[in-house]
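One file, model-v2.txt, carrying compact mmCIF, C-alpha atoms:
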```
# COMPACT_ATOMS: atom_id res chain seq x y z
CA MET A 1 71.77 -76.19 -39.06
CA SER A 2 75.29 -77.38 -38.24
CA GLU A 3 78.27 -75.62 -39.80
CA TYR A 4 79.47 -79.07 -40.89
CA PHE A 5 76.44 -79.72 -43.10
CA GLN A 6 76.69 -79.11 -46.84
CA PRO A 7 73.25 -79.11 -48.50
CA TYR A 8 72.96 -79.99 -52.17
CA ALA A 9 71.74 -78.07 -55.18
CA LYS A 10 71.66 -79.43 -58.73
CA SER A 11 75.01 -77.79 -59.47
CA ASP A 12 76.64 -79.90 -56.72
CA ILE A 13 75.75 -83.24 -58.31
CA ASP A 14 75.32 -82.52 -62.02
CA HIS A 15 78.93 -83.38 -62.91
CA LEU A 16 78.53 -86.86 -61.36
CA ILE A 17 75.70 -87.94 -63.67
CA ARG A 18 76.61 -90.03 -66.73
CA ARG A 19 73.77 -89.23 -69.11
CA ARG A 20 72.70 -91.51 -71.94
CA GLU A 21 70.27 -90.71 -74.72
CA GLY A 22 66.92 -92.45 -74.34
CA GLU A 23 67.41 -93.08 -70.61
CA THR A 24 66.64 -91.13 -67.44
CA LYS A 25 69.16 -91.45 -64.66
CA PHE A 26 68.19 -91.19 -61.00
CA GLY A 27 70.29 -88.08 -60.54
CA GLU A 28 68.46 -86.21 -63.29
CA ILE A 29 65.24 -86.11 -61.28
CA VAL A 30 66.33 -86.74 -57.68
CA ILE A 31 64.79 -84.42 -55.10
CA LEU A 32 67.28 -81.86 -53.70
CA PRO A 33 66.94 -78.99 -51.21
CA GLU A 34 68.39 -76.41 -53.64
CA ASP A 35 68.17 -73.07 -51.76
CA THR A 36 65.20 -73.99 -49.57
CA PRO A 37 65.84 -73.92 -45.80
CA LEU A 38 66.06 -77.53 -44.66
CA LYS A 39 63.18 -77.35 -42.17
CA SER A 40 60.80 -75.98 -44.81
CA PHE A 41 62.08 -78.47 -47.39
CA LEU A 42 61.46 -81.45 -45.10
CA GLU A 43 57.98 -80.24 -44.17
CA THR A 44 56.81 -79.68 -47.74
CA ILE A 45 58.16 -82.61 -49.79
CA ALA A 46 56.18 -85.83 -50.16
CA ALA A 47 59.22 -88.14 -50.31
CA PRO A 48 59.34 -90.33 -47.16
CA PHE A 49 63.08 -91.17 -47.32
CA ILE A 50 65.83 -88.61 -46.67
CA ILE A 51 69.39 -89.61 -47.54
CA PHE A 52 72.48 -87.84 -46.23
CA GLY A 53 76.14 -88.72 -45.96
CA VAL A 54 78.66 -88.63 -43.13
CA ALA A 55 82.15 -88.16 -44.56
CA GLU A 56 84.40 -88.96 -41.60
CA ASP A 57 86.75 -91.57 -40.20
CA ILE A 58 87.50 -89.83 -36.90
CA GLY A 59 85.39 -92.28 -34.91
CA VAL A 60 87.27 -95.23 -36.39
CA LEU A 61 90.64 -93.62 -35.68
CA ALA A 62 89.47 -92.93 -32.13
CA ASN A 63 89.02 -96.71 -31.82
CA SER A 64 92.51 -97.43 -33.24
CA GLY A 65 90.95 -98.68 -36.47
CA ASN A 66 91.91 -98.18 -40.12
CA GLY A 67 90.91 -94.82 -41.55
CA GLY A 68 89.22 -94.20 -44.87
CA THR A 69 85.53 -94.53 -44.02
CA GLY A 70 85.00 -90.93 -45.07
CA SER A 71 85.31 -92.09 -48.70
CA ALA A 72 82.19 -94.29 -48.88
CA TRP A 73 79.69 -91.45 -49.26
CA ASN A 74 81.00 -90.12 -52.58
CA SER A 75 81.24 -93.63 -54.01
CA PHE A 76 77.65 -94.33 -52.99
CA LEU A 77 76.41 -90.99 -54.30
CA GLN A 78 77.91 -91.59 -57.76
CA SER A 79 76.29 -95.02 -57.90
CA LEU A 80 72.90 -93.77 -56.76
CA LEU A 81 72.81 -90.86 -59.20
CA ASN A 82 73.54 -93.16 -62.14
CA ILE A 83 71.02 -95.94 -61.61
CA GLN A 84 67.96 -95.90 -63.84
CA ALA A 85 64.93 -93.86 -62.80
CA ASN A 86 62.07 -96.31 -63.29
CA HIS A 87 59.06 -97.85 -61.57
CA PHE A 88 61.36 -100.13 -59.55
CA THR A 89 63.63 -97.40 -58.15
CA LYS A 90 60.90 -94.74 -57.69
CA PRO A 91 63.08 -91.63 -57.28
CA GLU A 92 60.06 -89.66 -56.16
CA ASN A 93 60.30 -91.50 -52.82
CA ILE A 94 63.83 -90.29 -52.05
CA ALA A 95 65.44 -86.93 -51.32
CA VAL A 96 69.22 -86.48 -51.12
CA ILE A 97 69.88 -83.49 -48.89
CA GLY A 98 73.70 -83.35 -48.66
CA HIS A 99 76.45 -84.52 -46.37
CA LEU A 100 78.29 -83.76 -43.16
CA VAL A 101 82.03 -83.28 -43.49
CA PHE A 102 84.59 -82.91 -40.68
CA ASP A 103 87.88 -82.48 -42.51
CA ASP A 104 88.85 -79.41 -40.48
CA LEU A 105 88.51 -81.33 -37.20
CA LYS A 106 90.71 -84.13 -38.46
CA GLN A 107 93.30 -81.79 -39.96
CA GLU A 108 93.67 -79.88 -36.70
CA ILE A 109 94.36 -83.10 -34.81
CA GLU A 110 96.78 -84.54 -37.36
CA GLU A 111 98.77 -81.33 -37.66
CA GLY A 112 99.13 -81.00 -33.89
CA ASP A 113 102.28 -82.04 -32.05
CA LEU A 114 100.61 -84.92 -30.19
CA THR A 115 101.74 -88.24 -28.80
CA ALA A 116 99.83 -91.34 -29.90
CA HIS A 117 97.88 -91.31 -26.61
CA GLU A 118 97.08 -87.61 -26.94
CA LYS A 119 95.93 -88.10 -30.53
CA ILE A 120 93.47 -90.83 -29.51
CA ALA A 121 92.10 -88.54 -26.78
CA ALA A 122 91.76 -85.70 -29.30
CA TYR A 123 89.93 -87.93 -31.77
CA ARG A 124 87.50 -88.96 -29.03
CA ARG A 125 86.80 -85.33 -28.14
CA ALA A 126 86.18 -84.65 -31.83
CA VAL A 127 83.66 -87.49 -31.99
CA THR A 128 81.47 -85.62 -29.49
CA ILE A 129 81.31 -82.73 -31.98
CA ILE A 130 80.31 -85.18 -34.72
CA ASP A 131 77.69 -86.60 -32.34
CA GLU A 132 76.08 -83.18 -31.95
CA ALA A 133 75.93 -82.52 -35.70
CA VAL A 134 74.50 -85.96 -36.58
CA THR A 135 71.98 -85.85 -33.71
CA GLU A 136 70.71 -82.43 -34.81
CA LEU A 137 70.28 -83.46 -38.45
CA VAL A 138 68.60 -86.80 -37.68
CA ARG A 139 66.29 -85.16 -35.14
CA SER A 140 65.13 -82.58 -37.70
CA ILE A 141 64.38 -85.32 -40.24
CA VAL A 142 62.41 -87.49 -37.81
CA LEU A 143 60.48 -84.48 -36.45
CA ALA A 144 59.31 -83.90 -40.03
CA GLN A 145 58.03 -87.51 -39.98
CA LYS A 146 60.56 -88.69 -42.54
CA ILE A 147 62.90 -91.68 -42.44
CA PRO A 148 66.64 -90.88 -42.46
CA ILE A 149 69.02 -93.06 -44.46
CA VAL A 150 72.56 -92.35 -43.28
CA VAL A 151 75.54 -93.50 -45.35
CA GLY A 152 79.25 -93.41 -44.60
CA GLY A 153 81.58 -92.80 -41.68
CA GLY A 154 82.27 -95.07 -38.73
CA HIS A 155 79.86 -96.98 -36.52
CA ASN A 156 80.31 -94.27 -33.89
CA ASN A 157 77.42 -92.55 -35.67
CA ALA A 158 74.93 -95.16 -34.49
CA TYR A 159 74.81 -93.35 -31.14
CA PRO A 160 73.78 -89.89 -32.44
CA ILE A 161 71.39 -91.47 -34.98
CA ILE A 162 69.65 -93.41 -32.20
CA LYS A 163 69.71 -90.34 -29.96
CA GLY A 164 68.36 -88.01 -32.65
CA THR A 165 65.63 -90.46 -33.63
CA ALA A 166 64.54 -91.28 -30.08
CA SER A 167 64.61 -87.61 -29.05
CA ALA A 168 62.38 -86.61 -31.96
CA LEU A 169 59.96 -89.46 -31.28
CA MET A 170 59.78 -88.47 -27.62
CA GLU A 171 58.98 -84.89 -28.66
CA ARG A 172 56.18 -86.27 -30.82
CA GLY A 173 54.98 -88.40 -27.91
CA ASP A 174 55.47 -91.66 -29.81
CA THR A 175 57.90 -93.65 -27.67
CA LYS A 176 60.43 -93.63 -24.84
CA GLY A 177 63.18 -95.23 -26.88
CA ILE A 178 63.77 -97.33 -29.96
CA ASN A 179 65.15 -100.75 -30.76
CA ALA A 180 68.11 -101.44 -33.03
CA VAL A 181 68.97 -104.47 -35.14
CA ASN A 182 72.60 -104.61 -36.26
CA LEU A 183 74.32 -106.76 -38.88
CA ASP A 184 77.92 -106.56 -37.75
CA ALA A 185 81.06 -108.55 -37.04
CA HIS A 186 81.36 -106.72 -33.71
CA LEU A 187 78.93 -105.83 -30.92
CA ASP A 188 80.22 -102.24 -30.65
CA TYR A 189 79.36 -102.31 -26.94
CA ARG A 190 82.80 -101.54 -25.57
CA VAL A 191 83.17 -99.59 -22.34
CA ALA A 192 82.30 -95.90 -22.12
CA GLU A 193 85.92 -94.72 -22.25
CA GLY A 194 85.26 -91.75 -24.54
CA ARG A 195 83.35 -91.81 -27.79
CA HIS A 196 84.54 -93.94 -30.70
CA SER A 197 83.29 -96.45 -33.28
CA GLY A 198 83.33 -99.35 -30.84
CA ASN A 199 80.91 -98.14 -28.16
CA ALA A 200 77.96 -96.41 -29.85
CA PHE A 201 75.38 -98.86 -28.53
CA ARG A 202 76.78 -98.67 -24.99
CA TYR A 203 76.29 -94.90 -24.90
CA ALA A 204 72.85 -95.10 -26.52
CA LYS A 205 71.79 -97.75 -24.01
CA GLN A 206 73.11 -96.11 -20.86
CA GLU A 207 71.55 -92.76 -21.81
CA GLY A 208 68.11 -94.32 -22.28
CA PHE A 209 67.72 -93.84 -26.03
CA LEU A 210 68.13 -97.52 -26.96
CA HIS A 211 65.56 -99.99 -25.66
CA ARG A 212 66.29 -103.43 -27.14
CA TYR A 213 69.33 -104.35 -29.21
CA PHE A 214 69.89 -107.43 -31.38
CA ALA A 215 73.17 -108.06 -33.24
CA LEU A 216 73.51 -110.57 -36.08
CA GLY A 217 76.69 -112.05 -37.56
CA ILE A 218 78.97 -111.30 -34.60
CA HIS A 219 82.35 -113.03 -34.85
CA GLU A 220 83.08 -115.11 -31.77
CA ASN A 221 86.80 -114.39 -31.94
CA TYR A 222 86.27 -110.67 -31.37
CA ILE A 223 83.92 -110.51 -28.37
CA PRO A 224 85.76 -109.37 -25.19
CA ASP A 225 84.94 -111.86 -22.44
CA SER A 226 83.98 -109.11 -19.98
CA ILE A 227 81.35 -107.79 -22.41
CA LEU A 228 80.13 -111.29 -23.20
CA THR A 229 79.63 -111.96 -19.48
CA GLU A 230 77.82 -108.65 -19.02
CA ILE A 231 75.43 -109.11 -21.94
CA ARG A 232 74.52 -112.65 -20.95
CA ARG A 233 73.07 -111.18 -17.74
CA MET A 234 70.89 -108.70 -19.67
CA ASN A 235 67.38 -109.33 -20.94
CA ASP A 236 67.26 -106.61 -23.58
CA ILE A 237 70.43 -107.35 -25.58
CA LYS A 238 70.92 -110.51 -27.60
CA PHE A 239 73.12 -111.67 -30.47
CA ILE A 240 73.62 -114.53 -32.89
CA THR A 241 77.17 -115.24 -34.01
CA TYR A 242 78.41 -115.77 -37.54
CA GLU A 243 79.72 -119.18 -36.50
CA GLU A 244 76.33 -120.37 -35.21
CA VAL A 245 74.79 -119.91 -38.66
CA PHE A 246 77.55 -120.37 -41.20
CA VAL A 247 80.13 -122.63 -39.52
CA TYR A 248 78.30 -124.91 -37.07
CA GLN A 249 74.98 -124.52 -38.96
CA ARG A 250 72.88 -124.65 -35.81
CA LYS A 251 70.27 -122.52 -37.55
CA SER A 252 69.61 -121.11 -41.00
CA TRP A 253 70.06 -117.48 -42.00
CA ALA A 254 66.30 -117.19 -42.41
CA GLN A 255 65.82 -118.45 -38.85
CA ALA A 256 68.42 -116.02 -37.52
CA LEU A 257 66.56 -113.13 -39.16
CA GLU A 258 63.31 -114.37 -37.65
CA ASP A 259 64.89 -114.73 -34.19
CA ALA A 260 65.93 -111.07 -34.33
CA THR A 261 62.41 -110.07 -35.37
CA GLN A 262 60.77 -111.97 -32.56
CA PHE A 263 63.19 -110.68 -29.92
CA LEU A 264 62.67 -107.04 -30.86
CA GLY A 265 58.96 -107.46 -31.52
CA GLU A 266 57.44 -107.35 -34.98
CA GLY A 267 56.10 -103.90 -35.81
CA THR A 268 58.08 -102.11 -33.09
CA SER A 269 59.96 -98.83 -33.63
CA THR A 270 63.36 -100.07 -34.79
CA GLY A 271 66.47 -98.73 -36.50
CA ILE A 272 68.39 -100.87 -38.99
CA GLU A 273 72.18 -100.87 -38.66
CA LEU A 274 74.47 -102.44 -41.27
CA ASP A 275 78.21 -102.39 -40.66
CA LEU A 276 80.02 -103.43 -43.83
CA ASP A 277 82.63 -105.13 -41.61
CA SER A 278 80.14 -108.00 -41.58
CA VAL A 279 80.23 -108.58 -45.35
CA GLU A 280 82.92 -110.86 -46.71
CA GLY A 281 85.64 -109.24 -48.79
CA VAL A 282 84.39 -105.64 -48.62
CA PRO A 283 87.06 -102.97 -47.96
CA THR A 284 86.27 -101.60 -44.51
CA SER A 285 87.94 -100.35 -41.34
CA ALA A 286 88.13 -103.99 -40.16
CA ALA A 287 87.65 -106.08 -43.29
CA THR A 288 86.93 -109.80 -42.95
CA PRO A 289 87.74 -112.75 -45.24
CA CYS A 290 84.81 -114.70 -43.76
CA GLY A 291 81.52 -112.92 -43.31
CA VAL A 292 78.00 -112.85 -44.68
CA SER A 293 77.63 -112.57 -48.43
CA ALA A 294 76.34 -109.46 -50.17
CA ARG A 295 73.16 -111.40 -50.94
CA GLU A 296 72.63 -112.26 -47.28
CA ALA A 297 73.19 -108.62 -46.31
CA LEU A 298 70.56 -107.55 -48.85
CA GLN A 299 68.18 -110.16 -47.44
CA PHE A 300 68.79 -108.73 -43.96
CA VAL A 301 67.86 -105.22 -45.08
CA ALA A 302 64.79 -106.33 -47.00
CA HIS A 303 63.55 -108.57 -44.18
CA MET A 304 63.94 -105.95 -41.46
CA SER A 305 62.37 -103.16 -43.51
CA ASP A 306 59.34 -105.39 -44.02
CA ARG A 307 58.87 -106.54 -40.43
CA PHE A 308 59.39 -103.42 -38.30
CA ASP A 309 58.11 -99.88 -38.00
CA VAL A 310 61.51 -98.76 -39.26
CA LYS A 311 62.72 -95.36 -38.10
CA TYR A 312 66.09 -95.20 -39.89
CA LEU A 313 68.69 -97.07 -41.94
CA HIS A 314 72.42 -96.66 -41.22
CA ILE A 315 75.15 -98.17 -43.42
CA CYS A 316 78.72 -97.56 -42.29
CA GLU A 317 82.42 -98.50 -42.17
CA GLY A 318 82.94 -98.95 -45.93
CA ILE A 319 86.12 -97.72 -47.62
CA ALA A 320 86.09 -96.81 -51.32
CA THR A 321 89.65 -96.61 -52.63
CA GLY A 322 90.65 -94.88 -55.85
CA ASP A 323 88.19 -95.15 -58.72
CA ASN A 324 86.70 -98.39 -57.41
CA LEU A 325 82.94 -97.82 -57.13
CA LEU A 326 82.01 -101.35 -56.02
CA VAL A 327 81.58 -100.33 -52.37
CA GLY A 328 79.29 -97.50 -53.44
CA LYS A 329 77.35 -99.82 -55.73
CA LEU A 330 76.90 -102.34 -52.91
CA ILE A 331 75.62 -99.64 -50.56
CA CYS A 332 73.31 -98.38 -53.31
CA ASN A 333 71.80 -101.85 -53.68
CA MET A 334 71.32 -102.03 -49.90
CA VAL A 335 69.58 -98.65 -49.78
CA LEU A 336 67.25 -99.54 -52.64
CA SER A 337 66.50 -102.95 -51.09
CA PHE A 338 65.49 -101.10 -47.93
CA VAL A 339 63.28 -98.60 -49.74
CA LYS A 340 61.62 -101.28 -51.86
CA GLY A 341 61.09 -103.60 -48.90
CA PHE A 342 59.58 -100.79 -46.86
CA THR A 343 57.27 -99.38 -49.52
CA GLN A 344 56.10 -102.74 -50.88
CA SER A 345 55.08 -103.95 -47.39
CA LYS A 346 53.13 -100.84 -46.39
```

Could you take the file, read its structure, and then write that structure out as structure tokens?
Amino acid sequence: MSEYFQPYAKSDIDHLIRRREGETKFGEIVILPEDTPLKSFLETIAAPFIIFGVAEDIGVLANSGNGGTGSAWNSFLQSLLNIQANHFTKPENIAVIGHLVFDDLKQEIEEGDLTAHEKIAAYRRAVTIIDEAVTELVRSIVLAQKIPIVVGGGHNNAYPIIKGTASALMERGDTKGINAVNLDAHLDYRVAEGRHSGNAFRYAKQEGFLHRYFALGIHENYIPDSILTEIRRMNDIKFITYEEVFVYQRKSWAQALEDATQFLGEGTSTGIELDLDSVEGVPTSAATPCGVSAREALQFVAHMSDRFDVKYLHICEGIATGDNLLVGKLICNMVLSFVKGFTQSK
């Protein structure tokens, strides 16, 4: 397992749990690896969902974005551990295995005597190291026939998640690639100029891991014309803009969700991507004053988990500042909406 992975034992999370007499918190009974080797742990537990964090903002900085996305994981973890353990949340369905952290990579770059151009190049080289670690971890989870739920970091991690998932499925003989549905303010299909948070789907597509791609909630003001022209010539990438649904009202949100389902094919192997940049008022690397509501984002997750053979969930780009746990609580609601939607439909 990667040197960047920190697996969890009870002692790692116990101090985060706010206990209350007469109640059982999620963190008191959550499934953890403890000292079991990860491969053996994944092969022996019954829980279908495996959560891990990615504590990094290197991919965002490599795209000249605002840092801080490494903070979302801890905020989410505190929220998850302190929800109630009951027949709605079903903690027996979820294992929390740990997180990936890349502080040493970032520190080395920031302490170097680099020009702005050299720093961007260094960040992009570092993203390839992150890619390897995320790919390896996701691949091991999918090979064990579990569903990874990845929280935190930049949207650069969509590429290694898609790669790790597709590679594992190919090894199992299931598919030659997967689809992705993405709720996002941006297409993240920028040119292959070195890895960063803005081109994950480009790399996944050109390397054959991504089959069909549908993006919802894209903001028309932030689509480069060259990419717009390119995608309009393609048959396996499609998007619906935020303005089409919420400004010009050419279709309803429910219809937009259904359009994505039909394009990708109901029941197909699909990964769910949710970039918090798409949600109005949420602190992110590229926050927006006009986006989908938290309720609409939850509806997106629940709808997609019900309609596809979902292979992973990825929630990224959130920034949790100070003691504010609202970002973590929002992500927690999204994760539980996914788990409930998936288990209730199967």

Contacts of A:Ile315 within 8 Å, only C-alpha atoms, excl. fewer than 5 positions in-chain, as an MDAnalysis selection string = chainID A and resid 150:152 273:276 331

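One finds atom CA of A:Cys290 at 20.9 Å from atom CA of A:Gly67.
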
Using all atoms listed in the file, the shortest atom-to-atom distance to A:Arg212 among A:Ile120, A:Val245, A:Val282, A:Ile162 belongs to A:Ile162

Residue neighbourhood A:Ser40, 12 Å, only C-alpha atoms, exclusion window fewer than 6 positions, as a ChimeraX atom specification | /A:33-34,140-141,143-144

Quick one: residues within 9 Å of stretch 194-203 of chain A, all atoms listed in the file counted, chain neighbours fewer than 5 positions away excluded, as number ranges by chain?
-> A: 58-63, 65, 121, 123-128, 131, 154-160, 162, 180, 186-189, 208-210, 213

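Taking atom CA of A:Gln255 and atom CA of A:Ala297 as the two end points, the separation is 14.4 Å.
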
Measuring atom to atom with all atoms listed in the file, identify which of A:Ala85, A:Ala185, A:Ile237, A:Ile223 is nearest to A:Leu264.
-> A:Ile237

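Relative to atom CA of A:Arg20, atom CA of A:Asn82 is found at 10.0 Å.
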
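Of the residues listed (A:Tyr222, A:Tyr8, A:Trp73, A:Phe214), A:Phe214 shows the shortest atom-to-atom separation from A:Met304; distances use only C-alpha atoms.
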
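Distances here use only C-alpha atoms; by that measure, the residue among A:His15, A:Arg233, A:His303, A:Lys311 closest to A:Pro48 is A:Lys311.
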
Fewer than 2 positions away in the same chain doesn't count, so skip those; otherwise give me all residues within 12 Å of stretch 145-147 of chain A, counting only C-alpha atoms, as a compact mmCIF listing (two decimals) with C-alpha atoms, in the frame of the given file.
```txt
# COMPACT_ATOMS: atom_id res chain seq x y z
CA LYS A 39 63.18 -77.35 -42.17
CA PHE A 41 62.08 -78.47 -47.39
CA LEU A 42 61.46 -81.45 -45.10
CA GLU A 43 57.98 -80.24 -44.17
CA THR A 44 56.81 -79.68 -47.74
CA ILE A 45 58.16 -82.61 -49.79
CA ALA A 46 56.18 -85.83 -50.16
CA ALA A 47 59.22 -88.14 -50.31
CA PRO A 48 59.34 -90.33 -47.16
CA PHE A 49 63.08 -91.17 -47.32
CA ILE A 50 65.83 -88.61 -46.67
CA ILE A 51 69.39 -89.61 -47.54
CA PHE A 52 72.48 -87.84 -46.23
CA ASN A 93 60.30 -91.50 -52.82
CA ILE A 94 63.83 -90.29 -52.05
CA ALA A 95 65.44 -86.93 -51.32
CA VAL A 96 69.22 -86.48 -51.12
CA LEU A 137 70.28 -83.46 -38.45
CA VAL A 138 68.60 -86.80 -37.68
CA ARG A 139 66.29 -85.16 -35.14
CA SER A 140 65.13 -82.58 -37.70
CA ILE A 141 64.38 -85.32 -40.24
CA VAL A 142 62.41 -87.49 -37.81
CA LEU A 143 60.48 -84.48 -36.45
CA ILE A 149 69.02 -93.06 -44.46
CA VAL A 150 72.56 -92.35 -43.28
CA ILE A 161 71.39 -91.47 -34.98
CA GLY A 164 68.36 -88.01 -32.65
CA THR A 165 65.63 -90.46 -33.63
CA ALA A 168 62.38 -86.61 -31.96
CA LEU A 169 59.96 -89.46 -31.28
CA GLU A 171 58.98 -84.89 -28.66
CA ARG A 172 56.18 -86.27 -30.82
CA ASP A 174 55.47 -91.66 -29.81
CA SER A 269 59.96 -98.83 -33.63
CA THR A 270 63.36 -100.07 -34.79
CA GLY A 271 66.47 -98.73 -36.50
CA ILE A 272 68.39 -100.87 -38.99
CA SER A 305 62.37 -103.16 -43.51
CA ASP A 309 58.11 -99.88 -38.00
CA VAL A 310 61.51 -98.76 -39.26
CA LYS A 311 62.72 -95.36 -38.10
CA TYR A 312 66.09 -95.20 -39.89
CA LEU A 313 68.69 -97.07 -41.94
CA HIS A 314 72.42 -96.66 -41.22
CA PHE A 338 65.49 -101.10 -47.93
CA VAL A 339 63.28 -98.60 -49.74
CA PHE A 342 59.58 -100.79 -46.86
CA THR A 343 57.27 -99.38 -49.52
```

Given 3 Å of margin on each side, can you work out the centre and size in Å (one decimal) of an axis-aligned box holding every listed atom of stretch 252-271 of chain A, as AutoDock Vina command-line options?
```
--center_x 63.1 --center_y -109.9 --center_z -36.2 --size_x 20.0 --size_y 28.4 --size_z 18.5
```

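With distances restricted to only C-alpha atoms, A:Thr241 is the closest residue to A:Leu228 from A:Thr241, A:Ser64, A:Thr24, A:Asn74.
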
Between A:Asn333, A:Ser79, A:Ser252, A:Asn66, which has the minimum distance to A:Arg295 (counting all atoms listed in the file)?
-> A:Asn333

If you count all atoms listed in the file, which residues fall within 12 Å of A:Pro7, apart from same-chain ones fewer than 2 positions away, as an MDAnalysis selection string?
-> chainID A and resid 1:5 9:13 31:38 41 51:53 95:101 137
